[in-house]
$ cat upload27.cif   # mmCIF, C-alpha atoms
data_target
#
loop_
_atom_site.label_atom_id
_atom_site.label_comp_id
_atom_site.auth_asym_id
_atom_site.auth_seq_id
_atom_site.Cartn_x
_atom_site.Cartn_y
_atom_site.Cartn_z
CA MET A 1 -2.28 -11.25 29.72
CA ALA A 2 0.78 -9.17 28.71
CA PHE A 3 1.14 -8.20 25.06
CA VAL A 4 3.93 -10.20 23.41
CA LYS A 5 5.61 -8.98 20.23
CA ILE A 6 6.10 -12.08 18.11
CA SER A 7 7.93 -9.91 15.59
CA GLU A 8 10.58 -9.15 18.24
CA GLN A 9 11.20 -12.72 19.39
CA ASP A 10 14.51 -14.44 18.74
CA SER A 11 15.18 -15.69 15.23
CA LEU A 12 14.70 -19.39 14.60
CA TYR A 13 18.27 -19.40 13.26
CA ASN A 14 21.56 -18.72 15.03
CA ASP A 15 25.25 -18.16 14.31
CA LEU A 16 24.33 -16.36 11.10
CA GLU A 17 27.83 -14.95 10.69
CA LYS A 18 29.21 -18.50 10.45
CA LYS A 19 26.94 -19.56 7.59
CA SER A 20 27.82 -19.64 3.91
CA VAL A 21 26.14 -17.22 1.51
CA HIS A 22 24.12 -20.13 0.09
CA GLU A 23 22.88 -21.08 3.57
CA LEU A 24 21.92 -17.48 4.35
CA LEU A 25 19.99 -17.05 1.12
CA THR A 26 18.27 -20.42 1.40
CA GLU A 27 17.15 -19.79 4.98
CA ILE A 28 15.91 -16.28 4.23
CA ASN A 29 13.93 -17.70 1.32
CA GLN A 30 12.48 -20.41 3.57
CA GLU A 31 11.23 -17.71 5.93
CA ASP A 32 9.86 -15.61 3.08
CA HIS A 33 7.66 -18.53 2.02
CA LYS A 34 5.69 -17.98 5.24
CA VAL A 35 4.65 -14.47 4.23
CA ALA A 36 2.13 -15.31 1.51
CA ASP A 37 0.38 -17.79 3.80
CA ALA A 38 0.16 -15.17 6.56
CA VAL A 39 -1.34 -12.66 4.13
CA GLN A 40 -3.81 -15.26 2.88
CA ARG A 41 -5.11 -15.76 6.42
CA ALA A 42 -5.80 -12.02 6.61
CA ILE A 43 -7.85 -11.85 3.39
CA PRO A 44 -11.24 -11.64 5.21
CA GLN A 45 -10.11 -8.44 6.96
CA ILE A 46 -8.54 -7.02 3.78
CA GLU A 47 -11.77 -7.77 1.90
CA GLU A 48 -13.83 -6.01 4.55
CA LEU A 49 -11.60 -2.95 4.30
CA VAL A 50 -11.67 -2.72 0.49
CA THR A 51 -15.45 -3.22 0.48
CA GLN A 52 -15.87 -0.24 2.80
CA ILE A 53 -13.29 1.97 1.08
CA VAL A 54 -14.82 1.87 -2.42
CA PRO A 55 -18.15 3.62 -1.68
CA ARG A 56 -16.29 6.23 0.35
CA MET A 57 -13.93 6.95 -2.54
CA ARG A 58 -16.85 7.22 -4.94
CA GLN A 59 -18.05 10.05 -2.70
CA GLY A 60 -14.67 11.78 -2.80
CA GLY A 61 -12.97 10.00 0.09
CA ARG A 62 -9.24 9.35 0.13
CA ILE A 63 -6.88 6.75 1.56
CA PHE A 64 -4.11 7.74 3.97
CA TYR A 65 -1.32 5.32 4.84
CA MET A 66 0.37 6.17 8.17
CA GLY A 67 3.61 4.63 9.42
CA ALA A 68 7.13 5.09 10.74
CA GLY A 69 10.41 3.73 9.41
CA THR A 70 10.02 0.82 7.00
CA SER A 71 6.25 0.76 7.49
CA GLY A 72 5.95 4.44 6.62
CA ARG A 73 8.19 4.09 3.57
CA LEU A 74 6.11 1.22 2.22
CA GLY A 75 2.93 3.26 2.56
CA VAL A 76 4.51 6.18 0.72
CA LEU A 77 5.78 3.78 -1.95
CA ASP A 78 2.35 2.29 -2.62
CA ALA A 79 0.70 5.72 -2.70
CA SER A 80 3.33 7.11 -5.08
CA GLU A 81 2.71 4.32 -7.60
CA ILE A 82 -1.01 5.03 -7.97
CA PRO A 83 -0.83 8.08 -10.31
CA PRO A 84 1.47 6.51 -12.94
CA THR A 85 -0.20 3.09 -12.76
CA PHE A 86 -3.85 4.12 -12.71
CA GLY A 87 -3.82 7.76 -13.83
CA MET A 88 -5.26 8.97 -10.53
CA ASP A 89 -4.46 12.36 -9.04
CA PRO A 90 -1.80 12.09 -6.27
CA GLY A 91 -4.35 13.40 -3.79
CA TRP A 92 -6.44 10.22 -3.83
CA ILE A 93 -4.03 7.94 -1.97
CA ILE A 94 -1.51 9.64 0.31
CA GLY A 95 1.37 8.17 2.28
CA LEU A 96 2.44 9.91 5.50
CA ILE A 97 5.60 8.96 7.39
CA ALA A 98 6.67 10.01 10.89
CA GLY A 99 9.35 12.65 10.46
CA GLY A 100 8.14 13.79 7.06
CA ASP A 101 9.87 13.31 3.72
CA THR A 102 13.30 13.47 5.36
CA ALA A 103 12.48 10.14 7.02
CA LEU A 104 12.19 8.43 3.64
CA ARG A 105 15.99 8.32 3.43
CA ASN A 106 17.18 9.08 6.95
CA ALA A 107 16.12 8.08 10.44
CA VAL A 108 14.46 11.01 12.24
CA GLU A 109 15.10 10.79 15.97
CA ASN A 110 12.00 10.28 18.15
CA ALA A 111 9.62 11.09 15.26
CA GLU A 112 7.51 7.98 15.80
CA ASP A 113 7.14 8.55 19.55
CA ASP A 114 4.78 11.55 19.29
CA THR A 115 1.15 10.45 19.70
CA GLN A 116 -0.14 13.84 18.49
CA GLN A 117 1.88 14.33 15.32
CA GLY A 118 0.04 11.78 13.18
CA TRP A 119 -3.26 13.59 13.59
CA LYS A 120 -1.57 16.94 12.97
CA ASP A 121 -0.19 15.55 9.71
CA LEU A 122 -3.66 14.40 8.69
CA LEU A 123 -5.18 17.79 9.50
CA GLU A 124 -2.77 19.39 7.01
CA HIS A 125 -4.66 17.42 4.35
CA ASN A 126 -8.10 18.44 5.68
CA VAL A 127 -8.98 14.85 6.58
CA ASN A 128 -12.73 14.23 6.84
CA GLU A 129 -15.27 11.51 7.56
CA ARG A 130 -15.23 10.17 3.98
CA ASP A 131 -11.52 9.35 4.25
CA THR A 132 -9.86 6.10 5.26
CA VAL A 133 -6.78 6.02 7.51
CA ILE A 134 -4.65 2.87 7.42
CA GLY A 135 -2.01 2.59 10.12
CA ILE A 136 0.97 0.36 9.33
CA ALA A 137 3.05 -0.83 12.28
CA ALA A 138 4.85 -4.17 12.40
CA SER A 139 5.30 -3.93 16.16
CA GLY A 140 1.74 -2.75 16.68
CA THR A 141 2.90 -0.19 19.24
CA THR A 142 4.05 2.85 17.22
CA PRO A 143 2.72 5.97 19.03
CA TYR A 144 2.60 8.06 15.82
CA VAL A 145 0.26 5.50 14.24
CA ILE A 146 -1.79 4.74 17.35
CA GLY A 147 -2.50 8.42 17.99
CA ALA A 148 -3.45 9.07 14.37
CA LEU A 149 -5.88 6.15 14.29
CA ARG A 150 -7.45 7.11 17.60
CA ASP A 151 -8.18 10.67 16.50
CA ALA A 152 -9.18 9.67 12.97
CA ARG A 153 -11.72 7.19 14.29
CA ALA A 154 -13.09 9.75 16.73
CA HIS A 155 -13.66 12.13 13.83
CA GLY A 156 -15.60 9.60 11.75
CA CYS A 157 -12.91 8.28 9.42
CA LEU A 158 -12.78 4.60 8.48
CA THR A 159 -9.70 3.19 10.22
CA ALA A 160 -7.63 0.06 9.69
CA ALA A 161 -4.35 -1.30 11.03
CA ILE A 162 -1.74 -3.57 9.46
CA THR A 163 0.47 -5.28 12.04
CA SER A 164 2.60 -8.38 12.54
CA ASN A 165 1.44 -9.06 16.09
CA PRO A 166 -1.85 -10.49 17.34
CA ASP A 167 -4.03 -8.38 19.64
CA ALA A 168 -1.62 -5.45 19.19
CA PRO A 169 -2.41 -2.02 20.69
CA VAL A 170 -2.72 -0.57 17.17
CA SER A 171 -5.42 -3.14 16.39
CA HIS A 172 -7.55 -1.83 19.25
CA GLU A 173 -7.53 1.67 17.76
CA ALA A 174 -8.78 0.53 14.34
CA GLN A 175 -12.19 -0.63 13.16
CA ILE A 176 -10.55 -3.25 10.95
CA ALA A 177 -7.44 -5.02 12.24
CA ILE A 178 -5.32 -6.79 9.63
CA GLU A 179 -3.00 -9.00 11.65
CA MET A 180 -0.43 -10.69 9.45
CA ILE A 181 1.48 -13.07 11.70
CA VAL A 182 4.76 -13.99 10.00
CA GLY A 183 6.68 -15.02 13.14
CA PRO A 184 10.16 -13.98 14.24
CA GLU A 185 12.40 -12.33 11.67
CA TYR A 186 15.49 -14.04 10.25
CA VAL A 187 17.61 -11.31 11.84
CA THR A 188 15.95 -10.83 15.22
CA GLY A 189 13.68 -7.78 15.23
CA SER A 190 14.47 -6.74 11.62
CA SER A 191 10.90 -6.02 10.54
CA ARG A 192 12.12 -4.73 7.15
CA MET A 193 12.23 -8.41 6.20
CA LYS A 194 9.12 -10.64 6.45
CA SER A 195 6.94 -7.97 8.05
CA GLY A 196 7.90 -5.44 5.39
CA THR A 197 7.33 -7.92 2.59
CA GLY A 198 3.87 -8.73 3.93
CA GLN A 199 3.00 -5.05 4.34
CA LYS A 200 3.96 -4.42 0.71
CA LEU A 201 1.74 -7.29 -0.43
CA ILE A 202 -1.23 -6.06 1.58
CA CYS A 203 -0.88 -2.44 0.44
CA ASN A 204 -0.71 -3.68 -3.16
CA MET A 205 -3.84 -5.76 -2.62
CA ILE A 206 -5.77 -2.87 -1.08
CA SER A 207 -4.86 -0.20 -3.63
CA THR A 208 -5.09 -2.46 -6.69
CA SER A 209 -8.48 -3.86 -5.70
CA VAL A 210 -9.81 -0.38 -4.97
CA MET A 211 -8.54 0.98 -8.30
CA ILE A 212 -10.11 -1.91 -10.21
CA LYS A 213 -13.44 -1.28 -8.50
CA MET A 214 -13.08 2.43 -9.27
CA GLY A 215 -12.95 1.59 -12.97
CA ARG A 216 -9.26 2.22 -13.54
CA VAL A 217 -8.67 -1.19 -15.17
CA LYS A 218 -10.38 -2.74 -18.21
CA GLY A 219 -10.08 -6.47 -18.74
CA ASN A 220 -6.66 -6.85 -17.19
CA LYS A 221 -5.09 -3.66 -18.61
CA MET A 222 -4.02 -0.40 -16.91
CA VAL A 223 -5.97 1.70 -19.39
CA ASN A 224 -5.48 4.94 -17.43
CA MET A 225 -1.72 4.69 -16.88
CA GLN A 226 0.37 7.81 -17.42
CA LEU A 227 2.46 7.79 -20.60
CA THR A 228 5.67 8.85 -18.85
CA ASN A 229 8.22 6.94 -20.96
CA GLN A 230 8.64 5.09 -24.25
CA LYS A 231 8.04 1.70 -22.64
CA LEU A 232 4.59 2.75 -21.46
CA ILE A 233 3.75 4.42 -24.76
CA ASP A 234 4.67 1.20 -26.55
CA ARG A 235 2.61 -0.85 -24.09
CA GLY A 236 -0.44 1.35 -24.55
CA THR A 237 -0.03 1.31 -28.33
CA ARG A 238 0.06 -2.48 -28.42
CA TRP A 239 -3.10 -2.62 -26.32
CA LEU A 240 -4.88 -0.36 -28.81
CA VAL A 241 -3.63 -2.49 -31.71
CA GLU A 242 -5.11 -5.51 -29.94
CA SER A 243 -8.44 -3.94 -28.96
CA LEU A 244 -9.13 -1.80 -32.05
CA GLY A 245 -7.30 -3.70 -34.78
CA LEU A 246 -5.38 -0.61 -35.89
CA PRO A 247 -1.91 -0.56 -37.45
CA TYR A 248 0.78 0.17 -34.85
CA ASP A 249 1.61 3.69 -36.07
CA ASP A 250 -2.06 4.72 -36.21
CA ALA A 251 -2.64 3.36 -32.72
CA ARG A 252 0.39 5.24 -31.40
CA ARG A 253 -0.79 8.54 -32.89
CA LEU A 254 -4.26 8.00 -31.43
CA LEU A 255 -2.80 7.21 -28.00
CA LEU A 256 -0.57 10.28 -27.91
CA LEU A 257 -3.42 12.49 -29.10
CA HIS A 258 -5.76 11.46 -26.27
CA GLY A 259 -3.25 10.71 -23.50
CA SER A 260 -4.51 7.34 -22.28
CA VAL A 261 -5.63 4.00 -23.64
CA LYS A 262 -9.12 4.49 -22.24
CA LYS A 263 -9.65 7.95 -23.76
CA ALA A 264 -8.13 6.88 -27.09
CA GLU A 265 -10.35 3.82 -27.28
CA GLU A 266 -13.49 5.79 -26.38
CA ALA A 267 -12.72 8.48 -28.93
CA TYR A 268 -12.12 5.95 -31.71
CA ARG A 269 -15.30 4.01 -30.99
CA ASN A 270 -17.33 7.24 -30.89
CA MET A 271 -15.91 8.23 -34.31
CA SER A 272 -16.89 4.83 -35.67
CA LEU A 273 -20.54 5.14 -34.64
#
$ encode --input "upload27.cif" --output "structure tokens"
Amino acid sequence: MAFVKISEQDSLYNDLEKKSVHELLTEINQEDHKVADAVQRAIPQIEELVTQIVPRMRQGGRIFYMGAGTSGRLGVLDASEIPPTFGMDPGWIIGLIAGGDTALRNAVENAEDDTQQGWKDLLEHNVNERDTVIGIAASGTTPYVIGALRDARAHGCLTAAITSNPDAPVSHEAQIAIEMIVGPEYVTGSSRMKSGTGQKLICNMISTSVMIKMGRVKGNKMVNMQLTNQKLIDRGTRWLVESLGLPYDDARRLLLLHGSVKKAEEAYRNMSL
């Protein structure tokens, strides 16, 4: 049976240019409601992936997101938020996009059509069998992603795919296929919409769950976050006030001295022994 791209099928809505702004917004919102349900149906596969990633990371393994266009940008976005949120080195979760950093802001012609370039990009990071490679492709047919997954799997990496089409070619190259079926886009073929939203949710779920299991969260707090602005310093200070019962100014001095909530809390409790 021929592979059919559900994500490329005609929108369920027509004559969009004739609709009022209220109608456009309401209909887009109606479609967006389908995304969370589609992600929920994929939780068993997401759970399997996270469960396999954690022991690999404890042995020094990393996560690589691979994608082109919107999919690539979302992988880079999720990876870039890990250091400030969880205090992890940028080398732990890495986002790679077809066409390189230029493609984050500009379309790079034919970048996604090279089946060899994805693996070449991974080799620049000395990818190894402890690493996990997650290919993101709404269409499920992106050569850059397919080639990277094929070679990564052949070299012993854990591989996964995130796609918006069932039984997609990219799914066949991955050990774990996360198929998030959101249906046709509001604007036909515009996978930056529901597909992109779902990809963002899934990447958040993967990285957040992994970081929690790696001990980067205590209770429900980001105790290893980087103190990069006054808002985050204030947040960390208030957490120390709450957990240690210190006056605000004392908690702030302790936080700035040790650089993170976790280190400040450990140092204070050790002094109190």
$ atom_distance --input "upload27.cif" --atom1 "atom CA of A:Asp151" --atom2 "atom CA of A:Gln116"
8.9 Å
$ resolve_selection --input "upload27.cif" --expression "the PyMOL selection byres ((chain A and resi 5-15) around 9)" --output "ChimeraX atom specification"
/A:3-4,16-19,27,138-140,164-166,168,181-191,195
$ resolve_selection --input "upload27.cif" --expression "the PyMOL selection byres ((chain A and resi 108-110) around 12)" --output "list in words"
Ala68, Gly69, Ile97, Ala98, Gly99, Gly100, Asp101, Thr102, Ala103, Leu104, Arg105, Asn106, Ala107, Ala111, Glu112, Asp113, Asp114, Thr115, Gln117, Thr142, Pro143 and Tyr144 of chain A
$ residues_around --input "upload27.cif" --residues "stretch 75-82 of chain A" --least-positions-apart "5" --cutoff "6 Å" --atoms "only C-alpha atoms" --output "list of chain:residue names"
A:Tyr65, A:Ile93, A:Ile94, A:Gly95
$ closest_residue --input "upload27.cif" --among "A:Thr163, A:Thr237, A:Gln30, A:Ser207" --to "A:Trp92" --atoms "all atoms listed in the file"
A:Ser207
$ atom_distance --input "upload27.cif" --atom1 "atom CA of A:Pro247" --atom2 "atom CA of A:Asn220"
21.7 Å
$ atom_distance --input "upload27.cif" --atom1 "atom CA of A:Pro169" --atom2 "atom CA of A:Ile146"
7.6 Å
$ closest_residue --input "upload27.cif" --among "A:Asn204, A:Gly87, A:Leu246, A:Ala161" --to "A:Ser260" --atoms "all atoms listed in the file"
A:Gly87
$ residues_around --input "upload27.cif" --residues "A:Gly219" --least-positions-apart "4" --cutoff "12 Å" --atoms "only C-alpha atoms" --output "ChimeraX atom specification"
/A:212-213,215,223,239,243,262
$ residues_near_point --input "upload27.cif" --point "(-14.7, 7.1, 6.1)" --cutoff "6 Å" --atoms "all atoms listed in the file" --output "list in words"
Glu129, Arg130, Asp131, Thr132, Cys157 and Leu158 of chain A
$ resolve_selection --input "upload27.cif" --expression "the PyMOL selection byres ((chain A and resi 228-236) around 9)" --output "list in words"
Pro84, Met222, Val223, Met225, Gln226, Leu227, Thr237, Arg238, Trp239, Leu240, Val241, Ala251, Arg252, Leu255, Leu256, Ser260 and Val261 of chain A
$ closest_residue --input "upload27.cif" --among "A:Asn128, A:Gly118, A:Tyr268, A:Met211" --to "A:Gly72" --atoms "all atoms listed in the file"
A:Gly118
$ closest_residue --input "upload27.cif" --among "A:Ala267, A:Val145, A:Met88, A:Ala177" --to "A:Val217" --atoms "all atoms listed in the file"
A:Met88
$ decode --input "upload27.cif" --residues "stretch 178-270 of chain A" --atoms "C-alpha atoms" --output "mmCIF file, in the first residue's frame"
data_model
loop_
_atom_site.group_PDB
_atom_site.id
_atom_site.type_symbol
_atom_site.label_atom_id
_atom_site.label_comp_id
_atom_site.auth_asym_id
_atom_site.auth_seq_id
_atom_site.Cartn_x
_atom_site.Cartn_y
_atom_site.Cartn_z
ATOM 1 C CA ILE A 178 6.606 8.234 17.925
ATOM 2 C CA GLU A 179 3.752 8.812 15.496
ATOM 3 C CA MET A 180 1.668 11.804 16.504
ATOM 4 C CA ILE A 181 -1.274 11.894 14.107
ATOM 5 C CA VAL A 182 -2.822 15.368 14.208
ATOM 6 C CA GLY A 183 -4.520 15.250 10.788
ATOM 7 C CA PRO A 184 -4.439 17.831 7.998
ATOM 8 C CA GLU A 185 -3.181 21.299 8.855
ATOM 9 C CA TYR A 186 -5.478 24.339 8.946
ATOM 10 C CA VAL A 187 -3.462 25.815 6.074
ATOM 11 C CA THR A 188 -2.867 22.797 3.847
ATOM 12 C CA GLY A 189 0.633 21.392 4.339
ATOM 13 C CA SER A 190 1.734 24.039 6.888
ATOM 14 C CA SER A 191 3.368 21.673 9.360
ATOM 15 C CA ARG A 192 4.586 24.622 11.472
ATOM 16 C CA MET A 193 1.072 24.561 12.931
ATOM 17 C CA LYS A 194 -0.353 21.413 14.591
ATOM 18 C CA SER A 195 2.629 19.228 13.739
ATOM 19 C CA GLY A 196 5.057 21.802 15.108
ATOM 20 C CA THR A 197 3.006 22.287 18.251
ATOM 21 C CA GLY A 198 2.954 18.548 18.882
ATOM 22 C CA GLN A 199 6.689 18.229 18.245
ATOM 23 C CA LYS A 200 7.347 20.975 20.803
ATOM 24 C CA LEU A 201 5.193 19.170 23.369
ATOM 25 C CA ILE A 202 6.948 15.851 22.801
ATOM 26 C CA CYS A 203 10.452 17.335 22.952
ATOM 27 C CA ASN A 204 9.491 19.067 26.207
ATOM 28 C CA MET A 205 8.191 15.783 27.603
ATOM 29 C CA ILE A 206 11.330 13.878 26.645
ATOM 30 C CA SER A 207 13.893 16.378 27.917
ATOM 31 C CA THR A 208 12.000 17.331 31.081
ATOM 32 C CA SER A 209 11.390 13.717 32.088
ATOM 33 C CA VAL A 210 15.019 12.820 31.435
ATOM 34 C CA MET A 211 16.288 15.795 33.447
ATOM 35 C CA ILE A 212 14.021 14.923 36.383
ATOM 36 C CA LYS A 213 15.294 11.347 36.355
ATOM 37 C CA MET A 214 18.863 12.675 36.154
ATOM 38 C CA GLY A 215 18.306 14.493 39.444
ATOM 39 C CA ARG A 216 18.064 18.015 38.078
ATOM 40 C CA VAL A 217 14.747 18.752 39.846
ATOM 41 C CA LYS A 218 13.901 18.547 43.561
ATOM 42 C CA GLY A 219 10.262 18.428 44.568
ATOM 43 C CA ASN A 220 8.952 20.499 41.695
ATOM 44 C CA LYS A 221 11.764 23.077 41.587
ATOM 45 C CA MET A 222 14.532 23.702 39.011
ATOM 46 C CA VAL A 223 17.227 23.647 41.673
ATOM 47 C CA ASN A 224 20.088 23.637 39.150
ATOM 48 C CA MET A 225 18.903 26.509 36.954
ATOM 49 C CA GLN A 226 21.451 29.090 35.858
ATOM 50 C CA LEU A 227 21.181 32.451 37.610
ATOM 51 C CA THR A 228 21.296 34.478 34.402
ATOM 52 C CA ASN A 229 18.995 37.371 35.375
ATOM 53 C CA GLN A 230 17.364 39.054 38.361
ATOM 54 C CA LYS A 231 14.100 37.166 37.884
ATOM 55 C CA LEU A 232 15.852 33.820 38.294
ATOM 56 C CA ILE A 233 17.926 35.049 41.229
ATOM 57 C CA ASP A 234 14.731 36.169 42.944
ATOM 58 C CA ARG A 235 13.054 32.843 42.170
ATOM 59 C CA GLY A 236 15.955 30.859 43.593
ATOM 60 C CA THR A 237 16.109 33.096 46.666
ATOM 61 C CA ARG A 238 12.427 32.562 47.406
ATOM 62 C CA TRP A 239 12.888 28.811 47.108
ATOM 63 C CA LEU A 240 15.695 28.933 49.673
ATOM 64 C CA VAL A 241 13.560 31.073 51.983
ATOM 65 C CA GLU A 242 10.864 28.413 51.716
ATOM 66 C CA SER A 243 13.103 25.366 52.147
ATOM 67 C CA LEU A 244 15.582 26.691 54.731
ATOM 68 C CA GLY A 245 13.514 29.284 56.583
ATOM 69 C CA LEU A 246 16.132 32.003 56.061
ATOM 70 C CA PRO A 247 15.460 35.735 55.758
ATOM 71 C CA TYR A 248 15.320 36.844 52.119
ATOM 72 C CA ASP A 249 18.618 38.761 52.121
ATOM 73 C CA ASP A 250 20.507 35.889 53.777
ATOM 74 C CA ALA A 251 19.058 33.422 51.298
ATOM 75 C CA ARG A 252 20.052 35.657 48.385
ATOM 76 C CA ARG A 253 23.642 35.968 49.606
ATOM 77 C CA LEU A 254 23.842 32.199 50.081
ATOM 78 C CA LEU A 255 22.465 31.584 46.584
ATOM 79 C CA LEU A 256 24.886 33.962 44.882
ATOM 80 C CA LEU A 257 27.799 32.511 46.846
ATOM 81 C CA HIS A 258 27.149 28.941 45.692
ATOM 82 C CA GLY A 259 25.603 29.555 42.257
ATOM 83 C CA SER A 260 22.553 27.299 42.427
ATOM 84 C CA VAL A 261 19.695 26.449 44.750
ATOM 85 C CA LYS A 262 20.904 22.872 45.097
ATOM 86 C CA LYS A 263 24.491 23.781 46.013
ATOM 87 C CA ALA A 264 23.356 26.549 48.368
ATOM 88 C CA GLU A 265 20.945 24.236 50.150
ATOM 89 C CA GLU A 266 23.534 21.452 50.479
ATOM 90 C CA ALA A 267 26.154 23.851 51.816
ATOM 91 C CA TYR A 268 23.769 25.316 54.401
ATOM 92 C CA ARG A 269 22.608 21.923 55.644
ATOM 93 C CA ASN A 270 26.213 20.705 55.908
#
